[in-house]
Structures are given as C-alpha cells and as structure tokens.
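> Below is the file coords-v3.txt, which contains compact mmCIF, C-alpha atoms.
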# COMPACT_ATOMS: atom_id res chain seq x y z
CA MET A 1 0.00 0.00 0.00
CA THR A 2 1.18 3.52 -0.73
CA ARG A 3 1.35 6.29 1.85
CA GLU A 4 -1.54 8.08 0.14
CA GLU A 5 -3.71 4.96 0.16
CA ILE A 6 -3.07 4.14 3.79
CA GLY A 7 -3.53 7.80 4.74
CA LYS A 8 -7.14 7.61 3.55
CA LEU A 9 -8.09 4.43 5.41
CA SER A 10 -10.43 4.46 8.40
CA TYR A 11 -9.79 2.59 11.62
CA ARG A 12 -11.64 -0.43 10.23
CA GLY A 13 -9.83 -0.17 6.90
CA ILE A 14 -6.45 -0.25 8.62
CA ALA A 15 -7.49 -3.23 10.74
CA LYS A 16 -8.74 -5.08 7.65
CA ALA A 17 -5.51 -4.34 5.75
CA LEU A 18 -3.50 -5.75 8.68
CA ASP A 19 -5.72 -8.85 8.83
CA ALA A 20 -5.52 -9.39 5.08
CA GLY A 21 -1.75 -9.03 5.08
CA SER A 22 -1.74 -6.12 2.62
CA LEU A 23 -0.19 -4.02 5.38
CA SER A 24 2.33 -5.15 7.96
CA ILE A 25 2.85 -3.79 11.47
CA LYS A 26 6.33 -2.69 10.39
CA GLU A 27 4.88 -0.67 7.48
CA LEU A 28 2.18 0.80 9.72
CA LYS A 29 4.84 1.94 12.19
CA LYS A 30 6.86 3.48 9.37
CA TYR A 31 3.84 5.37 8.04
CA TYR A 32 2.83 6.40 11.56
CA THR A 33 6.24 7.99 12.07
CA GLU A 34 6.05 9.80 8.71
CA PHE A 35 2.56 11.16 9.35
CA ARG A 36 3.45 12.11 12.92
CA ASP A 37 6.46 14.07 11.65
CA ILE A 38 4.18 15.96 9.25
CA ALA A 39 1.66 16.69 12.02
CA GLU A 40 4.34 17.85 14.44
CA LYS A 41 5.92 20.20 11.85
CA ARG A 42 2.52 21.74 11.18
CA ALA A 43 1.77 22.05 14.88
CA LYS A 44 5.13 23.72 15.53
CA ARG A 45 4.54 26.27 12.75
CA MET A 46 1.05 27.03 14.01
CA GLU A 47 2.11 27.34 17.64
CA GLN A 48 4.88 29.81 16.73
CA ASP A 49 2.28 32.30 15.45
CA ARG A 50 -0.70 31.09 17.48
CA LYS A 51 -2.05 34.51 18.53
CA LYS A 52 -1.73 35.99 15.04
CA LEU A 53 -3.29 32.90 13.43
CA GLU A 54 -6.19 32.76 15.91
CA LYS A 55 -6.94 36.43 15.22
CA GLN A 56 -7.02 35.73 11.47
CA TYR A 57 -8.60 32.26 11.38
CA GLY A 58 -10.38 31.72 14.69
CA ASP A 59 -9.73 28.83 17.04
CA LEU A 60 -6.92 26.55 15.94
CA GLU A 61 -7.14 22.79 16.17
CA ILE A 62 -3.58 21.81 16.97
CA GLU A 63 -3.11 18.20 17.97
CA HIS A 64 -0.09 16.27 19.15
CA PHE A 65 0.33 12.52 18.83
CA ARG A 66 2.22 10.00 20.90
CA LYS A 67 5.66 8.89 19.92
CA LEU A 68 5.78 5.38 18.51
CA LYS A 69 7.73 4.08 21.52
CA ASN A 70 4.79 5.08 23.76
CA ILE A 71 2.27 3.00 21.83
CA ILE A 72 2.16 -0.51 23.27
CA THR A 73 -0.53 -2.53 21.50
CA THR A 74 -1.42 -2.98 17.85
CA SER A 75 -4.94 -1.83 18.65
CA ASP A 76 -3.59 1.42 20.12
CA LEU A 77 -1.35 1.88 17.07
CA VAL A 78 -4.29 1.45 14.68
CA LYS A 79 -6.44 3.83 16.75
CA GLU A 80 -3.70 6.44 17.02
CA PHE A 81 -2.83 6.12 13.33
CA SER A 82 -6.47 6.57 12.37
CA SER A 83 -6.72 9.77 14.46
CA LEU A 84 -3.41 11.00 13.09
CA THR A 85 -4.37 10.57 9.44
CA LYS A 86 -7.77 12.21 10.02
CA TYR A 87 -5.95 15.20 11.48
CA VAL A 88 -3.28 15.41 8.74
CA ASN A 89 -5.94 15.11 6.02
CA LYS A 90 -8.04 17.88 7.60
CA GLN A 91 -7.80 21.12 5.66
CA THR A 92 -7.40 23.13 8.87
CA SER A 93 -4.33 21.20 10.05
CA SER A 94 -1.97 23.43 8.05
CA ILE A 95 -1.53 27.17 7.54
CA THR A 96 -2.04 26.76 3.79
CA GLY A 97 -5.26 24.86 4.47
CA LEU A 98 -6.41 27.54 6.92
CA LYS A 99 -5.85 30.22 4.27
CA LYS A 100 -7.85 28.27 1.68
CA ARG A 101 -10.63 27.59 4.20
CA ARG A 102 -10.80 31.28 5.16
CA LYS A 103 -10.97 32.31 1.49
CA ASP A 104 -13.75 29.78 0.83
CA LEU A 105 -15.72 30.96 3.88
CA ILE A 106 -15.35 34.64 2.96
CA ASN A 107 -16.68 33.84 -0.51
CA TYR A 108 -19.53 31.84 1.06
CA TRP A 109 -20.47 34.76 3.34
CA LYS A 110 -20.29 37.22 0.42
CA ASP A 111 -22.49 34.96 -1.73
CA ASN A 112 -25.03 34.75 1.11
CA GLY A 113 -25.61 38.44 1.78
CA PHE A 114 -22.60 39.47 3.86
CA PRO A 115 -20.58 41.61 1.43
CA TYR A 116 -18.80 43.42 4.26
CA ILE A 117 -16.84 40.31 5.32
CA ASN A 118 -13.26 40.37 4.05
CA GLU A 119 -9.82 39.04 4.95
CA SER A 120 -9.05 41.91 7.32
CA ASN A 121 -12.19 41.53 9.46
CA TYR A 122 -12.87 37.79 9.09
CA GLY A 123 -11.36 36.89 12.48
CA ASP A 124 -13.38 39.61 14.22
CA PHE A 125 -16.51 38.43 12.43
CA ARG A 126 -15.94 34.83 13.60
CA THR A 127 -15.51 36.07 17.17
CA PHE A 128 -18.65 38.18 16.87
CA MET A 129 -20.74 35.36 15.40
CA LYS A 130 -19.52 32.95 18.06
CA TRP A 131 -20.68 35.42 20.70
CA PHE A 132 -23.93 36.12 18.85
CA LYS A 133 -24.83 32.43 18.59
CA SER A 134 -24.22 31.95 22.33
CA THR A 135 -26.75 34.64 23.28
CA ASN A 136 -30.52 34.89 23.27
CA TRP A 137 -30.22 37.47 20.51
CA SER A 138 -29.75 34.62 18.04
CA ILE A 139 -33.23 33.40 18.93
CA ILE A 140 -34.76 36.81 18.22
CA TYR A 141 -32.75 37.77 15.15
CA ASP A 142 -31.40 35.83 12.19
CA SER A 143 -27.76 36.36 11.38
CA ASP A 144 -28.86 38.09 8.17
CA ASP A 145 -30.97 40.75 9.96
CA THR A 146 -29.60 44.27 9.51
CA ILE A 147 -29.22 44.65 13.28
CA VAL A 148 -26.47 42.01 13.25
CA GLU A 149 -24.60 43.83 10.49
CA ASP A 150 -25.08 47.18 12.23
CA VAL A 151 -23.72 45.91 15.54
CA PHE A 152 -20.77 44.12 13.94
CA ASN A 153 -19.81 47.16 11.85
CA SER A 154 -20.33 49.67 14.66
CA LYS A 155 -17.22 51.62 15.55
CA GLU A 156 -18.47 51.73 19.16
CA ALA A 157 -18.17 47.98 19.68
CA SER A 158 -14.98 46.18 20.56
CA GLY A 159 -16.18 43.08 22.37
CA PRO A 160 -19.03 41.17 24.02
CA GLU A 161 -19.98 43.89 26.54
CA ASP A 162 -20.24 46.52 23.79
CA TRP A 163 -22.06 44.12 21.47
CA GLU A 164 -24.60 43.32 24.18
CA ARG A 165 -25.20 47.02 24.89
CA LEU A 166 -25.56 47.83 21.19
CA MET A 167 -27.88 44.88 20.57
CA LYS A 168 -30.17 46.23 23.31
CA GLU A 169 -30.01 49.78 21.97
CA PHE A 170 -30.50 48.80 18.35
CA SER A 171 -33.23 46.32 19.24
CA GLU A 172 -35.15 48.99 21.14
CA ALA A 173 -34.68 51.46 18.28
CA TYR A 174 -35.91 48.92 15.70
CA GLU A 175 -38.93 48.03 17.83
CA ASN A 176 -39.75 51.75 18.28
CA GLN A 177 -39.42 52.25 14.52
CA LYS A 178 -41.81 49.33 13.88
CA THR A 179 -44.31 50.77 16.38
CA ASN A 180 -44.08 54.23 14.78
CA ASN A 181 -44.57 52.74 11.31
CA ARG A 182 -47.72 50.91 12.47
CA GLU A 183 -49.14 54.07 14.05
CA HIS A 184 -48.67 56.09 10.86
CA ARG A 185 -50.62 53.62 8.71
Turn this file's structure into structure tokens for me.

Amino acid sequence: MTREEIGKLSYRGIAKALDAGSLSIKELKKYYTEFRDIAEKRAKRMEQDRKKLEKQYGDLEIEHFRKLKNIITTSDLVKEFSSLTKYVNKQTSSITGLKKRRKDLINYWKDNGFPYINESNYGDFRTFMKWFKSTNWSIIYDSDDTIVEDVFNSKEASGPEDWERLMKEFSEAYENQKTNNREHR
C-alpha cells in the first residue's frame, strides 16, 4: 500500500488491511512515524504564530500525537494512526489549508448576503458570530438581519460587553421604529 492509500483508510480499513496481510505492522509503524512528523511540523509552525493565526482564522485545532515508543498494543497503534491521518488530512491542520478555508468561507459569506466580510475583518466576524450564537439574541434575530450587520460594523463595539449594549439599543430602536410605522398607517 502507498502512503496516500493508507492515509485515507479508516480505523476499520487499517485493521482489515492488517488482517488481510496487505499491510504489515512494520509498514504501519513506518507510516505512523512519517505522518506524525508531518503533524508535528505543522503544529510547531502554528504554535509559533498562534495569537496571530487565531486572530485571522479563529480557534486553531492543533493536535499532538504520541511517539511510537509510547504505543504498546497494535490496537492502540491502529487507533492512534487513524486519528493521526484524520488530522493530517483535515484542511485546517496546516496554515495553507487555513488560508484556503478562510478564502472559501469569505466567498460563502459574500455569496449569502454578507458583502462586508473580508480578509481583514474575518477573524473579528468569527468572534462576533460565536458570541452572537451563544446569546438569546440569536433566537430573536437571524444572522442576516440588519441589526447584526449594524452591531458588527459599529465603531463603538470592541467586544461582548459593547455588542450586548448595542444589541439592546438597536433592538429597542428597531422596535420603536416598527411601532411608529404601524401608528402612521
């Protein structure tokens, strides 16, 4: 089996390949070491610029995997290898993958009515939306309501306390505007 083929196998697929003899324990250990080296290099690069990367891309998913000498059983090796290859194959496990993911998400947001999202404010938008979804405001308003855009783009807001205050103010203003519009009909 090639490195690419084994890198795509699930836990069960690896176990079946071992049982069928198309993959030996020795080969699995060799591939484990190769994939672990890749994962560790990526993790090291990401950890060096963690704060900058989290600001740009949001929460990072950096994982570390056990050294081969610390894996005792074949079952543990298969389980660890399966987790390792899932991580290495994940787009967000590398800086290049994070950049591509961010670009794709910015395009998605733009295509879905959020033209004000760009590379410079994407990290702030992720932080804002994470906060927004954790509040009761997300029950009252959809993320595409103008109030959400107004609060996010407000120069007065720099974090959750400001966002909460502005959501209350804007919500009251919108409700008053609705009431006034009904009265004038």
> Distance atom CA of A:Arg126-atom CA of A:Tyr57, one decimal place?
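Pair atom CA of A:Arg126 / atom CA of A:Tyr57 returns 8.1 Å.
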> Identify, on the basis of all atoms listed in the file, every residue whose closest approach to A:Leu28 does not exceed 12 Å; exclude the query and any residue fewer than 2 positions from it along the same chain; express the result as a count of residues only.
35
> Would you mind reading off the distance between atom CA of A:Arg42 and atom CA of A:Asn121, one decimal, in Å?
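One can read the atom CA of A:Arg42 to atom CA of A:Asn121 distance as 24.7 Å.
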> Excluding same-chain residues fewer than 2 positions from stretch 146-154 of chain A, what lies within 12 Å of it counting only C-alpha atoms, as a PyMOL selection string?
chain A and resi 113-117+121-133+137-138+140-144+156-175
> Could you work out how far atom CA of A:Phe65 lies from atom CA of A:Gln48, giving the answer in Å with one decimal?
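Interatomic distance here is 18.0 Å.
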> Counting all atoms listed in the file, which residue out of A:Ile71, A:Ser120, A:Asn180, A:Glu40 sits closest to A:Ser93?
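Between A:Ile71, A:Ser120, A:Asn180, A:Glu40, the residue approaching A:Ser93 most closely is A:Glu40.
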> Check the smallest atom-to-atom distance from each of A:Trp109, A:Arg50, A:Arg101, A:Ala39 to A:Val88 using all atoms listed in the file, then report the winner.
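Checking each candidate against A:Val88, we get A:Ala39 as the closest.
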> Please give the centre and size of the box around stretch 129-138 of chain A (axis-aligned, containing every atom listed in the file, 8 Å added per side), with values in Å to one decimal and written as JSON.

{"center_x": -25.0, "center_y": 34.7, "center_z": 19.3, "size_x": 27.0, "size_y": 21.5, "size_z": 23.9}
> Under the rule that all atoms listed in the file are counted, which of A:Arg12, A:His64, A:Lys55, A:Lys69 is the nearest residue to A:Ile38?
A:His64
> Ranking A:Asn136, A:Asn89, A:Asn118, A:Asn70 by minimum distance to A:Asp104 and counting all atoms listed in the file, which one comes first?
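For A:Asp104, the nearest of the given residues is A:Asn118.
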